[in-house]
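Only one structure is covered here, and it is reproduced in the block below.
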Amino acid sequence: MPGSNKQNNMFGPSTGYIQKNNPFPVTSCGRRRNTGTPMFAKAEPRRTIGPGKNFNKANPTGTGAAAGGGMTQKGVDEYKAKNPGSKLQTAVTTKPSKLKPGSKDAKRRKSFCARSRSWTGPRGKAARRRWNC
């Protein structure tokens with residue numbers, strides 16, 4: 001180290017911010033480098049489809065559990081348990097004539113029906129039937 005011993009000891013170690021509990025090692029120049037290891041264990045991806053996800057199964061004939069297409073309340077509860085903070089809800093299955101115009105459920109139903117208008121597959125048709133579109 002250049003300079004005299006007195007000069008080198010003039011200033012103590014840094015009293016600035018020293019980061020604790022950082023998972024990445026400090027390099028010789030003071031930088032932190034990710035060595036390619038993941039910081040956290042990967043969580044299960046957020047999915048609402050697939051085996052064991054408690055969907056109403058729609059048969060190709062157009063029949064099925066409660067008209068098919070969409071998650072049951074049990075499925076929604078299971079999804080919410082795995083994904084805290086989720087706002088997933090079940091379908092609005094009330095007949096449009098029984099819904100109060102302008103209510104939250106009526107607006108959700110109207111919005112869903114507008115979004116799903118182009119769904120022509122068997123699962124989409126079953127979902128639209130369930131929502132009374």
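Order determines the names: the first chain of the structure tokens is A, the second B, and so forth; residues in each chain are numbered 1 upward, and ligands are numbered 1 upward as they are shown.
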
At a cut-off of 9 Å, using only C-alpha atoms, what residues contact Arg109 (chain A)? Leave out same-chain residues fewer than 6 positions from it and give the result as an MDAnalysis selection string.
chainID A and resid 91:93 96 131:133

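Picture a line from CA of Ala127 (chain A) to CA of Thr90 (chain A); it runs 11.1 Å.
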